[in-house]
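Enquirer: Take a look at model.pdb, PDB, C-alpha atoms, pLDDT in the B column:
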```pdb
ATOM      1  CA  MET C  39       0.000   0.000   0.000  1.00 82.00           C
ATOM      2  CA  THR C  40       1.434   3.354  -1.009  1.00 91.00           C
ATOM      3  CA  GLU C  41       1.845   6.266   1.357  1.00 93.00           C
ATOM      4  CA  GLN C  42      -0.561   8.281  -0.782  1.00 93.00           C
ATOM      5  CA  LEU C  43      -3.291   5.614  -0.445  1.00 92.00           C
ATOM      6  CA  LYS C  44      -2.768   5.419   3.327  1.00 93.00           C
ATOM      7  CA  ASN C  45      -3.124   9.189   3.598  1.00 94.00           C
ATOM      8  CA  GLN C  46      -6.284   9.108   1.486  1.00 94.00           C
ATOM      9  CA  ILE C  47      -7.818   6.372   3.660  1.00 94.00           C
ATOM     10  CA  ILE C  48      -6.974   8.229   6.867  1.00 95.00           C
ATOM     11  CA  ARG C  49      -8.409  11.486   5.520  1.00 95.00           C
ATOM     12  CA  MET C  50     -11.658   9.841   4.423  1.00 93.00           C
ATOM     13  CA  ALA C  51     -11.955   7.916   7.699  1.00 92.00           C
ATOM     14  CA  TRP C  52     -11.679  11.147   9.721  1.00 91.00           C
ATOM     15  CA  GLU C  53     -14.336  12.896   7.626  1.00 89.00           C
ATOM     16  CA  ASP C  54     -17.748  12.637   9.258  1.00 82.00           C
ATOM     17  CA  ARG C  55     -19.734  12.531   6.027  1.00 84.00           C
ATOM     18  CA  THR C  56     -17.652   9.904   4.228  1.00 88.00           C
ATOM     19  CA  THR C  57     -19.233   6.527   4.964  1.00 88.00           C
ATOM     20  CA  PHE C  58     -17.338   3.265   5.176  1.00 89.00           C
ATOM     21  CA  ASP C  59     -19.280   2.186   2.081  1.00 89.00           C
ATOM     22  CA  GLU C  60     -17.849   5.122   0.118  1.00 91.00           C
ATOM     23  CA  ILE C  61     -14.348   4.346   1.369  1.00 92.00           C
ATOM     24  CA  GLU C  62     -14.788   0.755   0.207  1.00 93.00           C
ATOM     25  CA  LYS C  63     -15.966   1.893  -3.241  1.00 93.00           C
ATOM     26  CA  ARG C  64     -12.980   4.216  -3.651  1.00 93.00           C
ATOM     27  CA  THR C  65     -10.243   2.047  -2.144  1.00 93.00           C
ATOM     28  CA  GLY C  66     -11.576  -1.509  -2.056  1.00 94.00           C
ATOM     29  CA  LEU C  67     -11.054  -1.742   1.718  1.00 93.00           C
ATOM     30  CA  ALA C  68     -13.915  -2.895   3.936  1.00 93.00           C
ATOM     31  CA  GLU C  69     -14.614  -1.275   7.315  1.00 90.00           C
ATOM     32  CA  ALA C  70     -12.505  -3.810   9.232  1.00 92.00           C
ATOM     33  CA  GLU C  71      -9.552  -3.196   6.919  1.00 95.00           C
ATOM     34  CA  VAL C  72      -9.894   0.579   7.314  1.00 94.00           C
ATOM     35  CA  ILE C  73      -9.811   0.105  11.090  1.00 93.00           C
ATOM     36  CA  LYS C  74      -6.611  -1.951  10.751  1.00 95.00           C
ATOM     37  CA  VAL C  75      -4.993   0.787   8.643  1.00 95.00           C
ATOM     38  CA  MET C  76      -5.991   3.412  11.185  1.00 95.00           C
ATOM     39  CA  ARG C  77      -4.667   1.289  14.060  1.00 96.00           C
ATOM     40  CA  ARG C  78      -1.284   0.848  12.310  1.00 95.00           C
ATOM     41  CA  CYS C  79      -0.847   4.417  11.092  1.00 95.00           C
ATOM     42  CA  LEU C  80      -2.120   6.495  14.000  1.00 94.00           C
ATOM     43  CA  LYS C  81      -0.721   6.953  17.467  1.00 96.00           C
ATOM     44  CA  ALA C  82      -2.556   4.850  20.041  1.00 96.00           C
ATOM     45  CA  LYS C  83      -4.336   7.843  21.598  1.00 96.00           C
ATOM     46  CA  SER C  84      -5.359   9.209  18.187  1.00 94.00           C
ATOM     47  CA  PHE C  85      -6.713   5.822  17.172  1.00 95.00           C
ATOM     48  CA  ARG C  86      -8.769   5.503  20.373  1.00 94.00           C
ATOM     49  CA  MET C  87     -10.147   9.021  19.897  1.00 93.00           C
ATOM     50  CA  TRP C  88     -11.071   8.285  16.254  1.00 92.00           C
ATOM     51  CA  ARG C  89     -12.620   4.921  17.154  1.00 91.00           C
ATOM     52  CA  LYS C  90     -14.721   6.509  19.885  1.00 89.00           C
ATOM     53  CA  ARG C  91     -15.988   9.165  17.461  1.00 87.00           C
ATOM     54  CA  VAL C  92     -16.731   6.719  14.653  1.00 86.00           C
ATOM     55  CA  SER C  93     -18.446   4.058  16.722  1.00 82.00           C
ATOM     56  CA  GLY C  94     -21.182   6.483  17.739  1.00 71.00           C
ATOM     57  CA  ARG C  95     -21.674   8.131  14.353  1.00 71.00           C
ATOM     58  CA  VAL C  96     -24.636   7.244  12.224  1.00 68.00           C
ATOM     59  CA  THR C  97     -23.103   9.093   9.273  1.00 67.00           C
ATOM     60  CA  LYS C  98     -20.188   6.662   8.966  1.00 69.00           C
ATOM     61  CA  HIS C  99     -22.567   3.789   8.187  1.00 66.00           C
ATOM     62  CA  ALA C 100     -24.709   4.406   5.112  1.00 62.00           C
ATOM     63  CA  GLY C 101     -27.518   2.058   6.170  1.00 62.00           C
ATOM     64  CA  LYS C 102     -27.865   3.600   9.615  1.00 59.00           C
ATOM     65  CA  PHE C 103     -27.701   7.074   8.087  1.00 58.00           C
ATOM     66  CA  ARG C 104     -30.557   6.300   5.682  1.00 63.00           C
ATOM     67  CA  GLU C 105     -32.625   4.864   8.538  1.00 62.00           C
ATOM     68  CA  SER C 106     -32.150   7.980  10.661  1.00 59.00           C
ATOM     69  CA  ARG C 107     -33.090  10.236   7.725  1.00 58.00           C
ATOM     70  CA  GLU C 108     -36.248   8.206   7.103  1.00 64.00           C
ATOM     71  CA  GLU C 109     -37.103   8.427  10.795  1.00 63.00           C
ATOM     72  CA  LEU C 110     -36.811  12.226  10.679  1.00 57.00           C
ATOM     73  CA  LYS C 111     -39.117  12.363   7.674  1.00 62.00           C
ATOM     74  CA  ARG C 112     -41.797  10.575   9.691  1.00 63.00           C
ATOM     75  CA  VAL C 113     -41.868  13.199  12.470  1.00 57.00           C
ATOM     76  CA  PRO C 114     -45.109  15.171  11.999  1.00 60.00           C
ATOM     77  CA  GLY C 115     -44.714  18.919  11.611  1.00 58.00           C
ATOM     78  CA  LEU C 116     -40.936  18.805  11.206  1.00 55.00           C
ATOM     79  CA  HIS C 117     -41.155  20.164   7.667  1.00 57.00           C
ATOM     80  CA  LEU C 118     -42.872  23.301   9.058  1.00 55.00           C
ATOM     81  CA  LEU C 119     -39.797  24.358  11.007  1.00 56.00           C
ATOM     82  CA  ASN C 120     -37.096  26.523   9.516  1.00 55.00           C
ATOM     83  CA  ARG C 121     -33.941  24.646   8.618  1.00 52.00           C
ATOM     84  CA  ASP C 122     -32.020  26.417  11.414  1.00 50.00           C
ATOM     85  CA  GLU C 123     -34.595  25.319  13.969  1.00 48.00           C
ATOM     86  CA  ARG C 124     -34.310  21.666  12.876  1.00 45.00           C
ATOM     87  CA  GLU C 125     -30.582  21.578  13.480  1.00 50.00           C
TER      88      GLU C 125
END
```
Starting from the file, lay out its structure as structure tokens.
Expert:
Amino acid sequence: MTEQLKNQIIRMAWEDRTTFDEIEKRTGLAEAEVIKVMRRCLKAKSFRMWRKRVSGRVTKHAGKFRESREELKRVPGLHLLNRDERE
């Protein structure tokens, strides 16, 4: 694996909106393989911090993200609020 590919994987893994599915499409590495790359390339504390962030994020898992978006669409009256009020 080239240094450039490692850097690309790390960058995408840190981004909140880049799902593991997208990383797999771009690099061919599944979630478990991305975790291994992160474990090898980051300092132990940085890896633990990243892992803690990612494990609780719906946006890193495309299926969970879609489910949460669908759930929001089902909330009555939500579409009446301004965008700023929804966030």
Enquirer: As an exercise, work out the distance from atom CA of Thr65 of chain C to atom CA of Glu41 of chain C in Å and give it to one decimal place.
Expert: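 Calculated distance between atom CA of Thr65 of chain C and atom CA of Glu41 of chain C is 13.3 Å.
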Enquirer: Would you mind reading off the distance between atom CA of Thr40 of chain C and atom CA of Ile73 of chain C, one decimal, in Å?
Expert: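 If I compute the distance from atom CA of Thr40 of chain C to atom CA of Ile73 of chain C, I get 16.8 Å.
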Enquirer: Between C:Leu43, C:Ile48, C:Ile61, C:Ala68, which one has atoms that come closest to Ser84 of chain C, using only C-alpha atoms?
Expert: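 Residue with the minimum atom-to-atom distance to Ser84 of chain C: C:Ile48.
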Enquirer: One decimal, Å: what's the distance from atom CA of Gln42 of chain C over to atom CA of Asp54 of chain C, could you say?
Expert: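 Rounded to one decimal, the two atoms are 20.4 Å apart.
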Enquirer: Quick one: axis-aligned box around all listed atoms of segment 51-63 of chain C, 3 Å on every side, centre and edge lengths in Å to one decimal, written as lines of an AutoDock Vina configuration file.
Expert:
```
center_x = -15.7
center_y = 6.8
center_z = 3.2
size_x = 14.1
size_y = 18.1
size_z = 19.0
```
Enquirer: Excluding same-chain residues fewer than 3 positions from Phe85 of chain C, what lies within 12 Å of it counting all atoms listed in the file, as JSON, numbers by chain?
Expert: {"C": [48, 51, 52, 72, 73, 74, 75, 76, 77, 78, 79, 80, 81, 82, 88, 89, 90, 91, 92, 93]}
Enquirer: So that I have them on file, write out the residues from the current selection with C-alpha atoms, as an mmCIF file, in the coordinates of the input.
Expert:
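As written to disk, out28.cif reads:
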```
data_model
loop_
_atom_site.group_PDB
_atom_site.id
_atom_site.type_symbol
_atom_site.label_atom_id
_atom_site.label_comp_id
_atom_site.auth_asym_id
_atom_site.auth_seq_id
_atom_site.Cartn_x
_atom_site.Cartn_y
_atom_site.Cartn_z
ATOM 1 C CA ILE C 48 -6.974 8.229 6.867
ATOM 2 C CA ALA C 51 -11.955 7.916 7.699
ATOM 3 C CA TRP C 52 -11.679 11.147 9.721
ATOM 4 C CA VAL C 72 -9.894 0.579 7.314
ATOM 5 C CA ILE C 73 -9.811 0.105 11.090
ATOM 6 C CA LYS C 74 -6.611 -1.951 10.751
ATOM 7 C CA VAL C 75 -4.993 0.787 8.643
ATOM 8 C CA MET C 76 -5.991 3.412 11.185
ATOM 9 C CA ARG C 77 -4.667 1.289 14.060
ATOM 10 C CA ARG C 78 -1.284 0.848 12.310
ATOM 11 C CA CYS C 79 -0.847 4.417 11.092
ATOM 12 C CA LEU C 80 -2.120 6.495 14.000
ATOM 13 C CA LYS C 81 -0.721 6.953 17.467
ATOM 14 C CA ALA C 82 -2.556 4.850 20.041
ATOM 15 C CA TRP C 88 -11.071 8.285 16.254
ATOM 16 C CA ARG C 89 -12.620 4.921 17.154
ATOM 17 C CA LYS C 90 -14.721 6.509 19.885
ATOM 18 C CA ARG C 91 -15.988 9.165 17.461
ATOM 19 C CA VAL C 92 -16.731 6.719 14.653
ATOM 20 C CA SER C 93 -18.446 4.058 16.722
#
```
